[in-house]
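Structure, as structure tokens:
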Amino acid sequence: MSKEELLKLLDMVDERIRRVEEELENLKKLRELVQAKILEIGEVKPEEKELATILESVRWRRYPSGTGEWCFADQLPESFIKELKRSPNRSKEVSGYTYRLKILSGGKEIVSRREIR
């Protein structure tokens with residue numbers, strides 16, 4: 001193959017990778033919506049194992065320091081947020097992480113998580 005043919009092939013592969021990554025992101029968002037809807041419909045309180053699976057499926061953002069992650073509270077099951085609000089220090093341990101509810105200065109709620117060491 002010539003250099004030009006190889007470059008075209010590389011471009012095709014890169015484009016396919018981009019489309020697959022985009023599709024994966026869309027599927028993750030759809031999964032989050034379906035999970036939220038299921039919880040909303042029945043106000044079902046997920047069991048610990050199910051909760052751990054749901055918490056792992058969320059798009060967590062790393063703190064710049066590298067110690068922990070966070071997400072907006074509205075991305076998590078409402079029953080879990082209520083449980084955090086009821087706990088004395090607004091935290092709970094689930095599957096090797098400590099989750100803590102925080103309220104930002106603008107009133108927006110986030111949940112942070114850090115690995116238990």
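Ordering of the structure tokens sets the chain letters (A, B, ...); residue numbers start at 1 within each chain; ligands are numbered from 1 in the order shown.
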Apply DSSP to the backbone of this structure and, from chain A, keep only the residues in alpha helix (DSSP H); write these as a VMD selection string. chain A and resid 3 to 42 48 to 57 78 to 86
Excluding region 19-35 of chain A and residues on its chain fewer than 5 positions from it, collect all residues at most 9 Å away from it, counting only C-alpha atoms, and give them as a PDB file with N, CA, C and O atoms, in the first residue's frame.
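Writing the result to selection-v2.pdb gives the following:
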```pdb
ATOM      1  N   ASP A  14      -9.920   6.266  12.284  1.00  0.00           N
ATOM      2  CA  ASP A  14     -10.145   7.326  13.266  1.00  0.00           C
ATOM      3  C   ASP A  14     -11.604   7.769  13.287  1.00  0.00           C
ATOM      4  O   ASP A  14     -12.184   7.987  14.350  1.00  0.00           O
ATOM      5  N   GLU A  40     -38.064   6.524  39.373  1.00  0.00           N
ATOM      6  CA  GLU A  40     -39.111   7.544  39.494  1.00  0.00           C
ATOM      7  C   GLU A  40     -40.506   6.921  39.485  1.00  0.00           C
ATOM      8  O   GLU A  40     -41.370   7.285  40.262  1.00  0.00           O
ATOM      9  N   ILE A  54     -25.604   1.104  39.915  1.00  0.00           N
ATOM     10  CA  ILE A  54     -26.106   2.403  39.462  1.00  0.00           C
ATOM     11  C   ILE A  54     -25.051   3.480  39.684  1.00  0.00           C
ATOM     12  O   ILE A  54     -24.784   4.304  38.809  1.00  0.00           O
ATOM     13  N   SER A  57     -22.348   3.488  37.119  1.00  0.00           N
ATOM     14  CA  SER A  57     -22.741   3.868  35.755  1.00  0.00           C
ATOM     15  C   SER A  57     -22.793   5.379  35.548  1.00  0.00           C
ATOM     16  O   SER A  57     -22.894   5.846  34.422  1.00  0.00           O
ATOM     17  N   VAL A  58     -22.694   6.122  36.638  1.00  0.00           N
ATOM     18  CA  VAL A  58     -22.773   7.581  36.556  1.00  0.00           C
ATOM     19  C   VAL A  58     -21.470   8.151  35.991  1.00  0.00           C
ATOM     20  O   VAL A  58     -20.395   7.591  36.199  1.00  0.00           O
ATOM     21  N   ARG A  59     -21.573   9.261  35.300  1.00  0.00           N
ATOM     22  CA  ARG A  59     -20.374   9.939  34.775  1.00  0.00           C
ATOM     23  C   ARG A  59     -19.744  10.765  35.902  1.00  0.00           C
ATOM     24  O   ARG A  59     -20.189  11.872  36.211  1.00  0.00           O
ATOM     25  N   GLN A  75     -28.163  13.285  39.111  1.00  0.00           N
ATOM     26  CA  GLN A  75     -27.795  12.141  38.272  1.00  0.00           C
ATOM     27  C   GLN A  75     -27.913  10.829  39.044  1.00  0.00           C
ATOM     28  O   GLN A  75     -27.749   9.764  38.465  1.00  0.00           O
ATOM     29  N   LEU A  76     -28.181  10.920  40.337  1.00  0.00           N
ATOM     30  CA  LEU A  76     -28.234   9.735  41.192  1.00  0.00           C
ATOM     31  C   LEU A  76     -29.676   9.462  41.621  1.00  0.00           C
ATOM     32  O   LEU A  76     -30.519  10.363  41.575  1.00  0.00           O
ATOM     33  N   PRO A  77     -29.964   8.229  42.044  1.00  0.00           N
ATOM     34  CA  PRO A  77     -31.322   7.913  42.484  1.00  0.00           C
ATOM     35  C   PRO A  77     -31.780   8.837  43.616  1.00  0.00           C
ATOM     36  O   PRO A  77     -31.022   9.112  44.557  1.00  0.00           O
TER      37      PRO A  77
END
```
Within 12 Å of Glu83 (chain A), counting only C-alpha atoms, which residues show up once you throw out same-chain ones fewer than 2 positions away? Write them as a PDB file with all heavy atoms, in the first residue's frame, please.
```pdb
ATOM      1  N   LYS A  45     -36.591   1.582  46.034  1.00  0.00           N
ATOM      2  CA  LYS A  45     -35.301   1.803  46.684  1.00  0.00           C
ATOM      3  C   LYS A  45     -34.370   0.669  46.266  1.00  0.00           C
ATOM      4  O   LYS A  45     -34.622  -0.490  46.562  1.00  0.00           O
ATOM      5  CB  LYS A  45     -35.469   1.811  48.199  1.00  0.00           C
ATOM      6  CG  LYS A  45     -34.190   2.139  48.926  1.00  0.00           C
ATOM      7  CD  LYS A  45     -34.412   2.258  50.393  1.00  0.00           C
ATOM      8  CE  LYS A  45     -33.110   2.574  51.087  1.00  0.00           C
ATOM      9  NZ  LYS A  45     -33.271   2.692  52.522  1.00  0.00           N
ATOM     10  N   PRO A  46     -33.285   1.000  45.546  1.00  0.00           N
ATOM     11  CA  PRO A  46     -32.392  -0.063  45.075  1.00  0.00           C
ATOM     12  C   PRO A  46     -31.659  -0.742  46.227  1.00  0.00           C
ATOM     13  O   PRO A  46     -31.314  -0.114  47.221  1.00  0.00           O
ATOM     14  CB  PRO A  46     -31.410   0.674  44.168  1.00  0.00           C
ATOM     15  CG  PRO A  46     -31.504   2.094  44.533  1.00  0.00           C
ATOM     16  CD  PRO A  46     -32.857   2.321  45.157  1.00  0.00           C
ATOM     17  N   LEU A  76     -28.181  10.920  40.337  1.00  0.00           N
ATOM     18  CA  LEU A  76     -28.234   9.735  41.192  1.00  0.00           C
ATOM     19  C   LEU A  76     -29.676   9.462  41.621  1.00  0.00           C
ATOM     20  O   LEU A  76     -30.519  10.363  41.575  1.00  0.00           O
ATOM     21  CB  LEU A  76     -27.355   9.956  42.429  1.00  0.00           C
ATOM     22  CG  LEU A  76     -25.873  10.181  42.133  1.00  0.00           C
ATOM     23  CD1 LEU A  76     -25.126  10.572  43.390  1.00  0.00           C
ATOM     24  CD2 LEU A  76     -25.259   8.934  41.519  1.00  0.00           C
ATOM     25  N   PRO A  77     -29.964   8.229  42.044  1.00  0.00           N
ATOM     26  CA  PRO A  77     -31.322   7.913  42.484  1.00  0.00           C
ATOM     27  C   PRO A  77     -31.780   8.837  43.616  1.00  0.00           C
ATOM     28  O   PRO A  77     -31.022   9.112  44.557  1.00  0.00           O
ATOM     29  CB  PRO A  77     -31.214   6.473  42.976  1.00  0.00           C
ATOM     30  CG  PRO A  77     -30.017   5.915  42.293  1.00  0.00           C
ATOM     31  CD  PRO A  77     -29.074   7.072  42.115  1.00  0.00           C
ATOM     32  N   GLU A  78     -33.005   9.298  43.514  1.00  0.00           N
ATOM     33  CA  GLU A  78     -33.556  10.214  44.518  1.00  0.00           C
ATOM     34  C   GLU A  78     -33.543   9.585  45.907  1.00  0.00           C
ATOM     35  O   GLU A  78     -33.273  10.262  46.907  1.00  0.00           O
ATOM     36  CB  GLU A  78     -34.979  10.595  44.116  1.00  0.00           C
ATOM     37  CG  GLU A  78     -35.567  11.695  44.959  1.00  0.00           C
ATOM     38  CD  GLU A  78     -36.936  12.115  44.489  1.00  0.00           C
ATOM     39  OE1 GLU A  78     -37.242  11.969  43.292  1.00  0.00           O
ATOM     40  OE2 GLU A  78     -37.708  12.586  45.337  1.00  0.00           O
ATOM     41  N   SER A  79     -33.808   8.286  45.969  1.00  0.00           N
ATOM     42  CA  SER A  79     -33.821   7.607  47.275  1.00  0.00           C
ATOM     43  C   SER A  79     -32.431   7.632  47.918  1.00  0.00           C
ATOM     44  O   SER A  79     -32.310   7.754  49.144  1.00  0.00           O
ATOM     45  CB  SER A  79     -34.307   6.176  47.126  1.00  0.00           C
ATOM     46  OG  SER A  79     -33.498   5.455  46.218  1.00  0.00           O
ATOM     47  N   PHE A  80     -31.375   7.551  47.114  1.00  0.00           N
ATOM     48  CA  PHE A  80     -30.016   7.609  47.644  1.00  0.00           C
ATOM     49  C   PHE A  80     -29.703   9.005  48.180  1.00  0.00           C
ATOM     50  O   PHE A  80     -29.117   9.151  49.253  1.00  0.00           O
ATOM     51  CB  PHE A  80     -29.006   7.205  46.557  1.00  0.00           C
ATOM     52  CG  PHE A  80     -27.576   7.205  47.012  1.00  0.00           C
ATOM     53  CD1 PHE A  80     -27.141   6.333  47.994  1.00  0.00           C
ATOM     54  CD2 PHE A  80     -26.648   8.071  46.453  1.00  0.00           C
ATOM     55  CE1 PHE A  80     -25.814   6.326  48.413  1.00  0.00           C
ATOM     56  CE2 PHE A  80     -25.327   8.071  46.861  1.00  0.00           C
ATOM     57  CZ  PHE A  80     -24.906   7.197  47.845  1.00  0.00           C
ATOM     58  N   ILE A  81     -30.136  10.033  47.452  1.00  0.00           N
ATOM     59  CA  ILE A  81     -29.923  11.411  47.896  1.00  0.00           C
ATOM     60  C   ILE A  81     -30.672  11.660  49.205  1.00  0.00           C
ATOM     61  O   ILE A  81     -30.137  12.270  50.136  1.00  0.00           O
ATOM     62  CB  ILE A  81     -30.349  12.423  46.810  1.00  0.00           C
ATOM     63  CG1 ILE A  81     -29.539  12.217  45.533  1.00  0.00           C
ATOM     64  CG2 ILE A  81     -30.224  13.857  47.306  1.00  0.00           C
ATOM     65  CD1 ILE A  81     -28.030  12.327  45.705  1.00  0.00           C
ATOM     66  N   LYS A  85     -29.148  12.784  52.820  1.00  0.00           N
ATOM     67  CA  LYS A  85     -29.648  13.940  53.567  1.00  0.00           C
ATOM     68  C   LYS A  85     -30.028  13.565  54.996  1.00  0.00           C
ATOM     69  O   LYS A  85     -29.883  14.368  55.916  1.00  0.00           O
ATOM     70  CB  LYS A  85     -30.858  14.555  52.860  1.00  0.00           C
ATOM     71  CG  LYS A  85     -30.488  15.313  51.606  1.00  0.00           C
ATOM     72  CD  LYS A  85     -31.716  15.892  50.919  1.00  0.00           C
ATOM     73  CE  LYS A  85     -31.315  16.694  49.692  1.00  0.00           C
ATOM     74  NZ  LYS A  85     -32.461  17.254  48.969  1.00  0.00           N
ATOM     75  N   ARG A  86     -30.523  12.334  55.184  1.00  0.00           N
ATOM     76  CA  ARG A  86     -30.930  11.887  56.525  1.00  0.00           C
ATOM     77  C   ARG A  86     -29.746  11.512  57.410  1.00  0.00           C
ATOM     78  O   ARG A  86     -29.856  11.528  58.626  1.00  0.00           O
ATOM     79  CB  ARG A  86     -31.868  10.690  56.419  1.00  0.00           C
ATOM     80  CG  ARG A  86     -33.271  11.044  55.999  1.00  0.00           C
ATOM     81  CD  ARG A  86     -34.222   9.865  56.187  1.00  0.00           C
ATOM     82  NE  ARG A  86     -33.809   8.679  55.458  1.00  0.00           N
ATOM     83  CZ  ARG A  86     -34.221   8.355  54.228  1.00  0.00           C
ATOM     84  NH1 ARG A  86     -35.052   9.131  53.586  1.00  0.00           N
ATOM     85  NH2 ARG A  86     -33.797   7.248  53.651  1.00  0.00           N
ATOM     86  N   SER A  87     -28.630  11.142  56.801  1.00  0.00           N
ATOM     87  CA  SER A  87     -27.499  10.694  57.623  1.00  0.00           C
ATOM     88  C   SER A  87     -26.870  11.891  58.331  1.00  0.00           C
ATOM     89  O   SER A  87     -26.858  13.002  57.798  1.00  0.00           O
ATOM     90  CB  SER A  87     -26.476   9.949  56.768  1.00  0.00           C
ATOM     91  OG  SER A  87     -25.553  10.819  56.215  1.00  0.00           O
ATOM     92  N   PRO A  88     -26.349  11.689  59.538  1.00  0.00           N
ATOM     93  CA  PRO A  88     -25.819  12.807  60.343  1.00  0.00           C
ATOM     94  C   PRO A  88     -24.742  13.637  59.635  1.00  0.00           C
ATOM     95  O   PRO A  88     -24.739  14.842  59.727  1.00  0.00           O
ATOM     96  CB  PRO A  88     -25.237  12.120  61.576  1.00  0.00           C
ATOM     97  CG  PRO A  88     -25.843  10.760  61.610  1.00  0.00           C
ATOM     98  CD  PRO A  88     -26.233  10.418  60.204  1.00  0.00           C
ATOM     99  N   ASN A  89     -23.842  13.007  58.912  1.00  0.00           N
ATOM    100  CA  ASN A  89     -22.779  13.756  58.237  1.00  0.00           C
ATOM    101  C   ASN A  89     -22.963  13.778  56.721  1.00  0.00           C
ATOM    102  O   ASN A  89     -22.011  14.031  55.986  1.00  0.00           O
ATOM    103  CB  ASN A  89     -21.395  13.208  58.616  1.00  0.00           C
ATOM    104  CG  ASN A  89     -21.282  11.726  58.341  1.00  0.00           C
ATOM    105  OD1 ASN A  89     -22.212  11.103  57.848  1.00  0.00           O
ATOM    106  ND2 ASN A  89     -20.140  11.164  58.654  1.00  0.00           N
ATOM    107  N   ARG A  90     -24.193  13.485  56.284  1.00  0.00           N
ATOM    108  CA  ARG A  90     -24.545  13.486  54.857  1.00  0.00           C
ATOM    109  C   ARG A  90     -23.636  12.579  54.036  1.00  0.00           C
ATOM    110  O   ARG A  90     -23.235  12.919  52.925  1.00  0.00           O
ATOM    111  CB  ARG A  90     -24.522  14.899  54.285  1.00  0.00           C
ATOM    112  CG  ARG A  90     -25.586  15.783  54.863  1.00  0.00           C
ATOM    113  CD  ARG A  90     -25.593  17.129  54.209  1.00  0.00           C
ATOM    114  NE  ARG A  90     -26.814  17.818  54.618  1.00  0.00           N
ATOM    115  CZ  ARG A  90     -27.564  18.519  53.804  1.00  0.00           C
ATOM    116  NH1 ARG A  90     -27.219  18.678  52.563  1.00  0.00           N
ATOM    117  NH2 ARG A  90     -28.664  19.092  54.238  1.00  0.00           N
ATOM    118  N   SER A  91     -23.278  11.422  54.603  1.00  0.00           N
ATOM    119  CA  SER A  91     -22.401  10.503  53.875  1.00  0.00           C
ATOM    120  C   SER A  91     -22.839   9.058  54.081  1.00  0.00           C
ATOM    121  O   SER A  91     -23.589   8.748  55.003  1.00  0.00           O
ATOM    122  CB  SER A  91     -20.944  10.690  54.301  1.00  0.00           C
ATOM    123  OG  SER A  91     -20.778  10.260  55.624  1.00  0.00           O
ATOM    124  N   LYS A  92     -22.345   8.207  53.199  1.00  0.00           N
ATOM    125  CA  LYS A  92     -22.650   6.778  53.262  1.00  0.00           C
ATOM    126  C   LYS A  92     -21.536   6.024  52.549  1.00  0.00           C
ATOM    127  O   LYS A  92     -21.013   6.494  51.551  1.00  0.00           O
ATOM    128  CB  LYS A  92     -23.991   6.501  52.582  1.00  0.00           C
ATOM    129  CG  LYS A  92     -24.393   5.031  52.550  1.00  0.00           C
ATOM    130  CD  LYS A  92     -25.739   4.857  51.880  1.00  0.00           C
ATOM    131  CE  LYS A  92     -26.108   3.404  51.693  1.00  0.00           C
ATOM    132  NZ  LYS A  92     -26.443   2.698  52.893  1.00  0.00           N
ATOM    133  N   GLU A  93     -21.213   4.849  53.072  1.00  0.00           N
ATOM    134  CA  GLU A  93     -20.224   3.984  52.435  1.00  0.00           C
ATOM    135  C   GLU A  93     -20.940   2.934  51.599  1.00  0.00           C
ATOM    136  O   GLU A  93     -21.864   2.279  52.077  1.00  0.00           O
ATOM    137  CB  GLU A  93     -19.346   3.311  53.484  1.00  0.00           C
ATOM    138  CG  GLU A  93     -18.422   4.281  54.192  1.00  0.00           C
ATOM    139  CD  GLU A  93     -17.495   3.603  55.183  1.00  0.00           C
ATOM    140  OE1 GLU A  93     -17.490   2.355  55.277  1.00  0.00           O
ATOM    141  OE2 GLU A  93     -16.783   4.333  55.877  1.00  0.00           O
ATOM    142  N   TYR A  99     -19.494   8.211  49.964  1.00  0.00           N
ATOM    143  CA  TYR A  99     -20.247   9.198  49.187  1.00  0.00           C
ATOM    144  C   TYR A  99     -20.720  10.283  50.145  1.00  0.00           C
ATOM    145  O   TYR A  99     -21.218   9.982  51.229  1.00  0.00           O
ATOM    146  CB  TYR A  99     -21.449   8.536  48.507  1.00  0.00           C
ATOM    147  CG  TYR A  99     -21.042   7.550  47.446  1.00  0.00           C
ATOM    148  CD1 TYR A  99     -20.753   6.228  47.767  1.00  0.00           C
ATOM    149  CD2 TYR A  99     -20.933   7.950  46.122  1.00  0.00           C
ATOM    150  CE1 TYR A  99     -20.357   5.327  46.789  1.00  0.00           C
ATOM    151  CE2 TYR A  99     -20.541   7.052  45.138  1.00  0.00           C
ATOM    152  CZ  TYR A  99     -20.253   5.744  45.485  1.00  0.00           C
ATOM    153  OH  TYR A  99     -19.859   4.859  44.509  1.00  0.00           O
ATOM    154  N   ARG A 100     -20.554  11.547  49.751  1.00  0.00           N
ATOM    155  CA  ARG A 100     -20.937  12.668  50.613  1.00  0.00           C
ATOM    156  C   ARG A 100     -21.703  13.695  49.791  1.00  0.00           C
ATOM    157  O   ARG A 100     -21.260  14.105  48.721  1.00  0.00           O
ATOM    158  CB  ARG A 100     -19.700  13.294  51.238  1.00  0.00           C
ATOM    159  CG  ARG A 100     -20.016  14.488  52.126  1.00  0.00           C
ATOM    160  CD  ARG A 100     -18.891  14.844  53.064  1.00  0.00           C
ATOM    161  NE  ARG A 100     -18.864  13.827  54.113  1.00  0.00           N
ATOM    162  CZ  ARG A 100     -17.785  13.162  54.490  1.00  0.00           C
ATOM    163  NH1 ARG A 100     -16.636  13.391  53.932  1.00  0.00           N
ATOM    164  NH2 ARG A 100     -17.842  12.258  55.436  1.00  0.00           N
ATOM    165  N   LEU A 101     -22.839  14.119  50.319  1.00  0.00           N
ATOM    166  CA  LEU A 101     -23.667  15.141  49.685  1.00  0.00           C
ATOM    167  C   LEU A 101     -23.137  16.517  50.077  1.00  0.00           C
ATOM    168  O   LEU A 101     -22.892  16.783  51.251  1.00  0.00           O
ATOM    169  CB  LEU A 101     -25.124  14.987  50.130  1.00  0.00           C
ATOM    170  CG  LEU A 101     -26.100  16.002  49.554  1.00  0.00           C
ATOM    171  CD1 LEU A 101     -26.254  15.818  48.050  1.00  0.00           C
ATOM    172  CD2 LEU A 101     -27.451  15.882  50.243  1.00  0.00           C
TER     173      LEU A 101
END
```
Could you name the residues that touch Tyr63 (chain A) at 10 Å or less, counting only C-alpha atoms, but leaving out those on the same chain fewer than 6 positions away, as a list in words? Glu69, Trp70 and Ser112 of chain A
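For the pair CA of Ala36 (chain A) and CA of Tyr97 (chain A), the separation is 21.3 Å.
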Mind the document's chain letters and residue numbers, and return as a PyMOL selection string the residues of region 8-100 of chain A that DSSP labels strand (DSSP E). chain A and resi 61-62+69-72+91-94+97-100
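Taking CA of Leu104 (chain A) and CA of Leu55 (chain A) as the two end points, the separation is 20.7 Å.
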Using only C-alpha atoms, determine which residues lie at most 7 Å from Lys102 (chain A), disregarding the query and same-chain residues fewer than 6 positions distant; provide the list as a PyMOL selection string. chain A and resi 109-111
File of the preceding selection, C-alpha atoms, as a CSV table (one decimal), in the first residue's frame:
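This is the output file part.csv:
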```csv
chain,number,residue,atom,x,y,z
A,109,GLU,CA,-26.2,19.8,45.1
A,110,ILE,CA,-23.3,17.5,44.2
A,111,VAL,CA,-22.2,14.2,45.6
```
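Nearest residue to Glu50 (chain A), choosing from A:Val94, A:Glu115, A:Ser2, A:Val13 and counting only C-alpha atoms: A:Val94.
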Excluding Lys108 (chain A) and residues on its chain fewer than 5 positions from it, collect all residues at most 9 Å away from it, counting only C-alpha atoms, and give them as an mmCIF file with C-alpha atoms, in the first residue's frame.
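New file around_22.cif:
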```cif
data_model
loop_
_atom_site.group_PDB
_atom_site.id
_atom_site.type_symbol
_atom_site.label_atom_id
_atom_site.label_comp_id
_atom_site.auth_asym_id
_atom_site.auth_seq_id
_atom_site.Cartn_x
_atom_site.Cartn_y
_atom_site.Cartn_z
ATOM 1 C CA PHE A 72 -24.426 16.367 40.222
ATOM 2 C CA ALA A 73 -26.903 14.942 42.727
ATOM 3 C CA LYS A 102 -22.484 18.745 49.331
ATOM 4 C CA ILE A 103 -24.362 21.930 48.523
#
```
